[in-house]
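Novice: Sharing my_file_24.txt here; it has compact mmCIF, N, CA and C atoms.
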# COMPACT_ATOMS: atom_id res chain seq x y z
N MET A 53 -7.90 6.47 11.43
CA MET A 53 -7.22 6.56 10.15
C MET A 53 -7.74 5.45 9.25
N THR A 54 -8.10 5.83 8.02
CA THR A 54 -8.63 4.87 7.08
C THR A 54 -7.80 4.86 5.81
N TYR A 55 -7.30 3.68 5.44
CA TYR A 55 -6.55 3.52 4.20
C TYR A 55 -7.49 3.09 3.09
N THR A 56 -7.17 3.53 1.86
CA THR A 56 -7.81 3.04 0.65
C THR A 56 -6.72 2.83 -0.39
N LEU A 57 -6.94 1.88 -1.28
CA LEU A 57 -6.04 1.64 -2.40
C LEU A 57 -6.74 2.10 -3.67
N HIS A 58 -6.03 2.85 -4.50
CA HIS A 58 -6.58 3.37 -5.75
C HIS A 58 -5.79 2.76 -6.90
N GLN A 59 -6.44 1.91 -7.68
CA GLN A 59 -5.74 1.18 -8.73
C GLN A 59 -5.27 2.12 -9.83
N LEU A 60 -3.98 2.01 -10.16
CA LEU A 60 -3.38 2.77 -11.24
C LEU A 60 -3.28 1.92 -12.50
N ALA A 61 -2.84 0.69 -12.32
CA ALA A 61 -2.67 -0.28 -13.39
C ALA A 61 -2.65 -1.66 -12.74
N ALA A 62 -2.63 -2.69 -13.53
CA ALA A 62 -2.57 -4.03 -12.96
C ALA A 62 -1.32 -4.15 -12.09
N GLY A 63 -1.52 -4.46 -10.79
CA GLY A 63 -0.39 -4.64 -9.89
C GLY A 63 0.18 -3.37 -9.30
N SER A 64 -0.53 -2.24 -9.43
CA SER A 64 -0.01 -0.98 -8.93
C SER A 64 -1.14 -0.14 -8.35
N TYR A 65 -0.96 0.29 -7.09
CA TYR A 65 -1.99 1.04 -6.38
C TYR A 65 -1.38 2.22 -5.64
N ASP A 66 -2.06 3.37 -5.67
CA ASP A 66 -1.75 4.45 -4.74
C ASP A 66 -2.33 4.06 -3.39
N LEU A 67 -1.63 4.38 -2.32
CA LEU A 67 -2.09 4.13 -0.97
C LEU A 67 -2.48 5.47 -0.34
N ALA A 68 -3.76 5.64 -0.06
CA ALA A 68 -4.24 6.89 0.53
C ALA A 68 -4.61 6.66 1.99
N LEU A 69 -4.30 7.64 2.79
CA LEU A 69 -4.66 7.65 4.21
C LEU A 69 -5.56 8.85 4.42
N ASP A 70 -6.81 8.59 4.76
CA ASP A 70 -7.80 9.66 4.92
C ASP A 70 -7.82 10.59 3.71
N GLY A 71 -7.72 10.00 2.50
CA GLY A 71 -7.81 10.75 1.26
C GLY A 71 -6.53 11.37 0.75
N VAL A 72 -5.43 11.25 1.48
CA VAL A 72 -4.14 11.82 1.08
C VAL A 72 -3.20 10.68 0.68
N ILE A 73 -2.60 10.78 -0.51
CA ILE A 73 -1.67 9.74 -0.96
C ILE A 73 -0.42 9.77 -0.09
N VAL A 74 -0.14 8.63 0.56
CA VAL A 74 1.03 8.53 1.44
C VAL A 74 2.01 7.46 0.99
N GLY A 75 1.62 6.66 -0.01
CA GLY A 75 2.50 5.58 -0.45
C GLY A 75 1.90 4.81 -1.60
N GLY A 76 2.39 3.60 -1.76
CA GLY A 76 1.92 2.74 -2.83
C GLY A 76 1.97 1.29 -2.42
N VAL A 77 1.23 0.49 -3.15
CA VAL A 77 1.27 -0.96 -3.00
C VAL A 77 1.48 -1.52 -4.40
N VAL A 78 2.54 -2.28 -4.58
CA VAL A 78 2.88 -2.79 -5.91
C VAL A 78 3.19 -4.29 -5.86
N ARG A 79 2.88 -4.94 -6.98
CA ARG A 79 3.23 -6.35 -7.12
C ARG A 79 4.70 -6.42 -7.50
N GLU A 80 5.43 -7.30 -6.83
CA GLU A 80 6.84 -7.51 -7.13
C GLU A 80 6.96 -8.75 -8.01
N THR A 81 7.92 -8.69 -8.96
CA THR A 81 8.12 -9.80 -9.89
C THR A 81 9.60 -10.09 -10.05
N THR A 82 9.88 -11.26 -10.57
CA THR A 82 11.26 -11.61 -10.93
C THR A 82 11.61 -10.89 -12.23
N ALA A 83 12.86 -10.96 -12.63
CA ALA A 83 13.29 -10.36 -13.89
C ALA A 83 12.52 -10.95 -15.07
N GLY A 84 12.08 -12.19 -14.93
CA GLY A 84 11.31 -12.85 -15.98
C GLY A 84 9.83 -12.55 -15.94
N GLY A 85 9.39 -11.80 -14.93
CA GLY A 85 7.99 -11.40 -14.84
C GLY A 85 7.12 -12.26 -13.95
N ALA A 86 7.68 -13.26 -13.28
CA ALA A 86 6.89 -14.10 -12.39
C ALA A 86 6.61 -13.35 -11.09
N PRO A 87 5.35 -13.31 -10.64
CA PRO A 87 5.04 -12.61 -9.40
C PRO A 87 5.70 -13.27 -8.19
N THR A 88 6.21 -12.43 -7.28
CA THR A 88 6.86 -12.94 -6.07
C THR A 88 6.19 -12.47 -4.80
N GLY A 89 5.33 -11.46 -4.89
CA GLY A 89 4.66 -10.93 -3.70
C GLY A 89 4.25 -9.49 -3.92
N TRP A 90 3.97 -8.82 -2.80
CA TRP A 90 3.50 -7.43 -2.82
C TRP A 90 4.29 -6.60 -1.83
N CYS A 91 4.45 -5.32 -2.12
CA CYS A 91 5.17 -4.41 -1.23
C CYS A 91 4.32 -3.17 -0.98
N ALA A 92 4.12 -2.84 0.29
CA ALA A 92 3.48 -1.58 0.68
C ALA A 92 4.61 -0.66 1.13
N GLU A 93 4.64 0.54 0.55
CA GLU A 93 5.77 1.44 0.81
C GLU A 93 5.27 2.87 0.98
N LEU A 94 5.81 3.55 1.98
CA LEU A 94 5.52 4.96 2.18
C LEU A 94 6.32 5.80 1.18
N LEU A 95 5.77 6.96 0.80
CA LEU A 95 6.48 7.85 -0.12
C LEU A 95 7.67 8.52 0.55
N GLU A 96 7.56 8.78 1.85
CA GLU A 96 8.62 9.47 2.58
C GLU A 96 9.18 8.58 3.68
N ASP A 97 10.47 8.69 3.90
CA ASP A 97 11.11 7.96 4.99
C ASP A 97 11.01 8.82 6.25
N LEU A 98 9.83 8.77 6.86
CA LEU A 98 9.55 9.56 8.05
C LEU A 98 10.20 8.94 9.29
N PRO A 99 10.49 9.76 10.29
CA PRO A 99 10.98 9.18 11.55
C PRO A 99 9.95 8.19 12.10
N ALA A 100 10.42 7.16 12.75
CA ALA A 100 9.54 6.09 13.25
C ALA A 100 8.36 6.63 14.05
N ALA A 101 8.57 7.66 14.85
CA ALA A 101 7.52 8.19 15.71
C ALA A 101 6.40 8.88 14.92
N THR A 102 6.67 9.27 13.68
CA THR A 102 5.65 9.99 12.90
C THR A 102 5.08 9.18 11.74
N ARG A 103 5.53 7.94 11.57
CA ARG A 103 4.98 7.09 10.51
C ARG A 103 3.54 6.70 10.85
N PRO A 104 2.68 6.68 9.82
CA PRO A 104 1.31 6.23 10.09
C PRO A 104 1.29 4.75 10.44
N ARG A 105 0.44 4.37 11.38
CA ARG A 105 0.31 2.98 11.78
C ARG A 105 -0.34 2.21 10.66
N PRO A 106 -0.01 1.02 10.39
CA PRO A 106 0.86 0.12 11.15
C PRO A 106 2.31 0.11 10.67
N PHE A 107 2.74 1.09 9.89
CA PHE A 107 4.11 1.12 9.37
C PHE A 107 5.12 1.34 10.50
N ASP A 108 6.00 0.36 10.71
CA ASP A 108 7.11 0.55 11.64
C ASP A 108 8.42 0.70 10.88
N CYS A 109 8.35 0.54 9.57
CA CYS A 109 9.46 0.84 8.66
C CYS A 109 8.83 1.32 7.35
N VAL A 110 9.65 1.76 6.43
CA VAL A 110 9.12 2.36 5.20
C VAL A 110 8.48 1.33 4.29
N GLU A 111 9.01 0.11 4.23
CA GLU A 111 8.50 -0.94 3.35
C GLU A 111 8.09 -2.17 4.14
N HIS A 112 7.00 -2.77 3.69
CA HIS A 112 6.56 -4.06 4.23
C HIS A 112 6.19 -4.96 3.06
N ARG A 113 6.60 -6.22 3.15
CA ARG A 113 6.33 -7.17 2.06
C ARG A 113 5.31 -8.21 2.50
N PHE A 114 4.50 -8.66 1.51
CA PHE A 114 3.41 -9.59 1.76
C PHE A 114 3.34 -10.62 0.64
N PRO A 115 2.87 -11.82 0.96
CA PRO A 115 2.78 -12.85 -0.08
C PRO A 115 1.62 -12.60 -1.05
N THR A 116 0.57 -11.91 -0.59
CA THR A 116 -0.61 -11.67 -1.43
C THR A 116 -1.11 -10.23 -1.24
N LEU A 117 -1.88 -9.76 -2.20
CA LEU A 117 -2.51 -8.45 -2.06
C LEU A 117 -3.51 -8.47 -0.90
N GLU A 118 -4.21 -9.58 -0.74
CA GLU A 118 -5.16 -9.70 0.37
C GLU A 118 -4.46 -9.55 1.72
N ALA A 119 -3.28 -10.12 1.86
CA ALA A 119 -2.53 -9.97 3.12
C ALA A 119 -2.16 -8.51 3.35
N ALA A 120 -1.80 -7.80 2.29
CA ALA A 120 -1.45 -6.38 2.44
C ALA A 120 -2.67 -5.55 2.84
N THR A 121 -3.81 -5.78 2.19
CA THR A 121 -5.00 -5.00 2.52
C THR A 121 -5.50 -5.32 3.93
N THR A 122 -5.37 -6.55 4.36
CA THR A 122 -5.74 -6.92 5.73
C THR A 122 -4.85 -6.18 6.72
N TRP A 123 -3.54 -6.17 6.47
CA TRP A 123 -2.59 -5.48 7.34
C TRP A 123 -2.90 -3.99 7.42
N LEU A 124 -3.44 -3.44 6.33
CA LEU A 124 -3.81 -2.03 6.29
C LEU A 124 -5.22 -1.79 6.83
N GLY A 125 -5.70 -2.69 7.64
CA GLY A 125 -7.00 -2.52 8.29
C GLY A 125 -8.19 -2.82 7.40
N GLY A 126 -7.99 -3.67 6.40
CA GLY A 126 -9.08 -4.00 5.49
C GLY A 126 -9.29 -2.94 4.43
N ALA A 127 -8.24 -2.28 4.02
CA ALA A 127 -8.32 -1.19 3.04
C ALA A 127 -9.05 -1.64 1.78
N PRO A 128 -10.09 -0.91 1.38
CA PRO A 128 -10.79 -1.26 0.15
C PRO A 128 -9.97 -0.84 -1.08
N ILE A 129 -10.21 -1.55 -2.18
CA ILE A 129 -9.57 -1.22 -3.45
C ILE A 129 -10.58 -0.50 -4.30
N LEU A 130 -10.23 0.71 -4.73
CA LEU A 130 -11.10 1.52 -5.57
C LEU A 130 -10.52 1.62 -6.97
N SER A 131 -11.38 1.60 -7.98
CA SER A 131 -10.90 1.78 -9.35
C SER A 131 -10.56 3.25 -9.55
N ALA A 132 -9.96 3.56 -10.66
CA ALA A 132 -9.57 4.94 -10.96
C ALA A 132 -10.78 5.87 -11.04
N PHE A 133 -11.98 5.32 -11.17
CA PHE A 133 -13.17 6.13 -11.35
C PHE A 133 -14.01 6.28 -10.09
N GLU A 134 -13.52 5.77 -8.97
CA GLU A 134 -14.24 5.85 -7.71
C GLU A 134 -13.53 6.81 -6.76
N ASP A 135 -14.29 7.46 -5.91
CA ASP A 135 -13.72 8.30 -4.86
C ASP A 135 -13.78 7.55 -3.55
N ALA A 136 -12.89 7.91 -2.62
CA ALA A 136 -12.86 7.28 -1.30
C ALA A 136 -14.13 7.59 -0.55
Re-express the file's structure as structure tokens.
Specialist:
Amino acid sequence: MTYTLHQLAAGSYDLALDGVIVGGVVRETTAGGAPTGWCAELLEDLPAATRPRPFDCVEHRFPTLEAATTWLGGAPILSAFEDA
């Protein structure tokens, strides 16, 4: 299984697994707009046994985008004009 991130806007990415969108990765901020970290989230709350690895819950939080992409197996970031 190979993940890729497809940039939608600054701080917002579609998360694709083998070319199929399964979730998103977004920058989290305070009400004032200060960045606080990143969240990788599945689109569906699937039963634990059917969630794609490494997801053991629907949401996972990370201090940096690099930490999230590493956790996703080194998922590359593609611009809106690139294909997986």
Novice: If I put a ball of radius 6.5 Å at (-4.4, 2.6, 2.1) in the file's coordinates, which residues poke into it when counting only N, CA and C atoms, written as a PyMOL selection string?
Specialist: chain A and resi 54-57+66-69+124+127
Novice: Counting only N, CA and C atoms, which residues have an atom no more than 8 Å from (-6.7, 2.2, -6.1) in the file's coordinates? Please list them as number ranges by chain.
Specialist: A: 56-61, 64-68, 128-133
Novice: Using CA of Val72 in chain A and CA of Gly89 in chain A as the two end points, give the distance in Å to one decimal.
Specialist: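 Going from CA of Val72 in chain A over to CA of Gly89 in chain A covers 24.9 Å.
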Novice: Report as a list in words: the residues of range 77-115 of chain A with a DSSP assignment of strand (DSSP E or B), based on the backbone of this structure.
Specialist: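 Filtering range 77-115 of chain A down to strand (DSSP E or B) leaves Val77, Val78, Arg79, Glu80, Thr81, Pro87, Thr88, Gly89, Trp90, Cys91, Ala92, Glu93, Leu94, Glu111, His112, Arg113 and Phe114 of chain A.
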Novice: Just add all heavy atoms to range 96-107 of chain A and send it as an mmCIF file, in the frame of the given file.
Specialist:
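Result written to selection25.cif:
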data_model
loop_
_atom_site.group_PDB
_atom_site.id
_atom_site.type_symbol
_atom_site.label_atom_id
_atom_site.label_comp_id
_atom_site.auth_asym_id
_atom_site.auth_seq_id
_atom_site.Cartn_x
_atom_site.Cartn_y
_atom_site.Cartn_z
ATOM 1 N N GLU A 96 7.560 8.780 1.850
ATOM 2 C CA GLU A 96 8.620 9.470 2.580
ATOM 3 C C GLU A 96 9.180 8.580 3.680
ATOM 4 O O GLU A 96 8.429 7.847 4.320
ATOM 5 C CB GLU A 96 8.082 10.749 3.221
ATOM 6 C CG GLU A 96 7.634 11.799 2.238
ATOM 7 C CD GLU A 96 7.216 13.074 2.934
ATOM 8 O OE1 GLU A 96 8.009 13.592 3.752
ATOM 9 O OE2 GLU A 96 6.091 13.522 2.678
ATOM 10 N N ASP A 97 10.470 8.690 3.900
ATOM 11 C CA ASP A 97 11.110 7.960 4.990
ATOM 12 C C ASP A 97 11.010 8.820 6.250
ATOM 13 O O ASP A 97 11.935 9.517 6.635
ATOM 14 C CB ASP A 97 12.568 7.664 4.651
ATOM 15 C CG ASP A 97 13.238 6.778 5.680
ATOM 16 O OD1 ASP A 97 12.558 6.353 6.644
ATOM 17 O OD2 ASP A 97 14.436 6.517 5.541
ATOM 18 N N LEU A 98 9.830 8.770 6.860
ATOM 19 C CA LEU A 98 9.550 9.560 8.050
ATOM 20 C C LEU A 98 10.200 8.940 9.290
ATOM 21 O O LEU A 98 10.401 7.725 9.331
ATOM 22 C CB LEU A 98 8.039 9.646 8.282
ATOM 23 C CG LEU A 98 7.224 10.260 7.150
ATOM 24 C CD1 LEU A 98 5.737 10.031 7.397
ATOM 25 C CD2 LEU A 98 7.533 11.733 7.025
ATOM 26 N N PRO A 99 10.490 9.760 10.290
ATOM 27 C CA PRO A 99 10.980 9.180 11.550
ATOM 28 C C PRO A 99 9.950 8.190 12.100
ATOM 29 O O PRO A 99 8.744 8.370 11.910
ATOM 30 C CB PRO A 99 11.115 10.401 12.469
ATOM 31 C CG PRO A 99 11.212 11.576 11.561
ATOM 32 C CD PRO A 99 10.412 11.223 10.342
ATOM 33 N N ALA A 100 10.420 7.160 12.750
ATOM 34 C CA ALA A 100 9.540 6.090 13.250
ATOM 35 C C ALA A 100 8.360 6.630 14.050
ATOM 36 O O ALA A 100 7.242 6.130 13.936
ATOM 37 C CB ALA A 100 10.336 5.091 14.070
ATOM 38 N N ALA A 101 8.570 7.660 14.850
ATOM 39 C CA ALA A 101 7.520 8.190 15.710
ATOM 40 C C ALA A 101 6.400 8.880 14.920
ATOM 41 O O ALA A 101 5.300 9.044 15.446
ATOM 42 C CB ALA A 101 8.115 9.174 16.716
ATOM 43 N N THR A 102 6.670 9.270 13.680
ATOM 44 C CA THR A 102 5.650 9.990 12.900
ATOM 45 C C THR A 102 5.080 9.180 11.740
ATOM 46 O O THR A 102 4.245 9.690 10.998
ATOM 47 C CB THR A 102 6.211 11.322 12.363
ATOM 48 O OG1 THR A 102 7.319 11.043 11.497
ATOM 49 C CG2 THR A 102 6.647 12.228 13.499
ATOM 50 N N ARG A 103 5.530 7.940 11.570
ATOM 51 C CA ARG A 103 4.980 7.090 10.510
ATOM 52 C C ARG A 103 3.540 6.700 10.850
ATOM 53 O O ARG A 103 3.222 6.396 11.996
ATOM 54 C CB ARG A 103 5.803 5.827 10.340
ATOM 55 C CG ARG A 103 7.133 6.067 9.735
ATOM 56 C CD ARG A 103 7.892 4.763 9.512
ATOM 57 N NE ARG A 103 9.265 5.108 9.208
ATOM 58 C CZ ARG A 103 10.318 4.561 9.779
ATOM 59 N NH1 ARG A 103 10.183 3.605 10.662
ATOM 60 N NH2 ARG A 103 11.524 4.953 9.449
ATOM 61 N N PRO A 104 2.680 6.680 9.820
ATOM 62 C CA PRO A 104 1.310 6.230 10.090
ATOM 63 C C PRO A 104 1.290 4.750 10.440
ATOM 64 O O PRO A 104 2.064 3.962 9.911
ATOM 65 C CB PRO A 104 0.575 6.502 8.777
ATOM 66 C CG PRO A 104 1.631 6.550 7.725
ATOM 67 C CD PRO A 104 2.885 7.012 8.411
ATOM 68 N N ARG A 105 0.440 4.370 11.380
ATOM 69 C CA ARG A 105 0.310 2.980 11.780
ATOM 70 C C ARG A 105 -0.340 2.210 10.660
ATOM 71 O O ARG A 105 -1.146 2.763 9.957
ATOM 72 C CB ARG A 105 -0.525 2.879 13.060
ATOM 73 C CG ARG A 105 0.052 3.756 14.126
ATOM 74 C CD ARG A 105 0.426 3.325 15.460
ATOM 75 N NE ARG A 105 0.367 2.048 16.034
ATOM 76 C CZ ARG A 105 1.442 1.265 16.200
ATOM 77 N NH1 ARG A 105 2.596 1.607 15.735
ATOM 78 N NH2 ARG A 105 1.338 0.142 16.841
ATOM 79 N N PRO A 106 -0.010 1.020 10.390
ATOM 80 C CA PRO A 106 0.860 0.120 11.150
ATOM 81 C C PRO A 106 2.310 0.110 10.670
ATOM 82 O O PRO A 106 3.061 -0.789 11.009
ATOM 83 C CB PRO A 106 0.209 -1.237 10.916
ATOM 84 C CG PRO A 106 -0.335 -1.153 9.536
ATOM 85 C CD PRO A 106 -0.782 0.281 9.378
ATOM 86 N N PHE A 107 2.740 1.090 9.890
ATOM 87 C CA PHE A 107 4.110 1.120 9.370
ATOM 88 C C PHE A 107 5.120 1.340 10.500
ATOM 89 O O PHE A 107 5.100 2.367 11.149
ATOM 90 C CB PHE A 107 4.283 2.235 8.328
ATOM 91 C CG PHE A 107 3.666 1.929 7.001
ATOM 92 C CD1 PHE A 107 2.359 2.286 6.742
ATOM 93 C CD2 PHE A 107 4.391 1.281 6.014
ATOM 94 C CE1 PHE A 107 1.773 2.010 5.520
ATOM 95 C CE2 PHE A 107 3.814 0.997 4.784
ATOM 96 C CZ PHE A 107 2.500 1.364 4.535
#
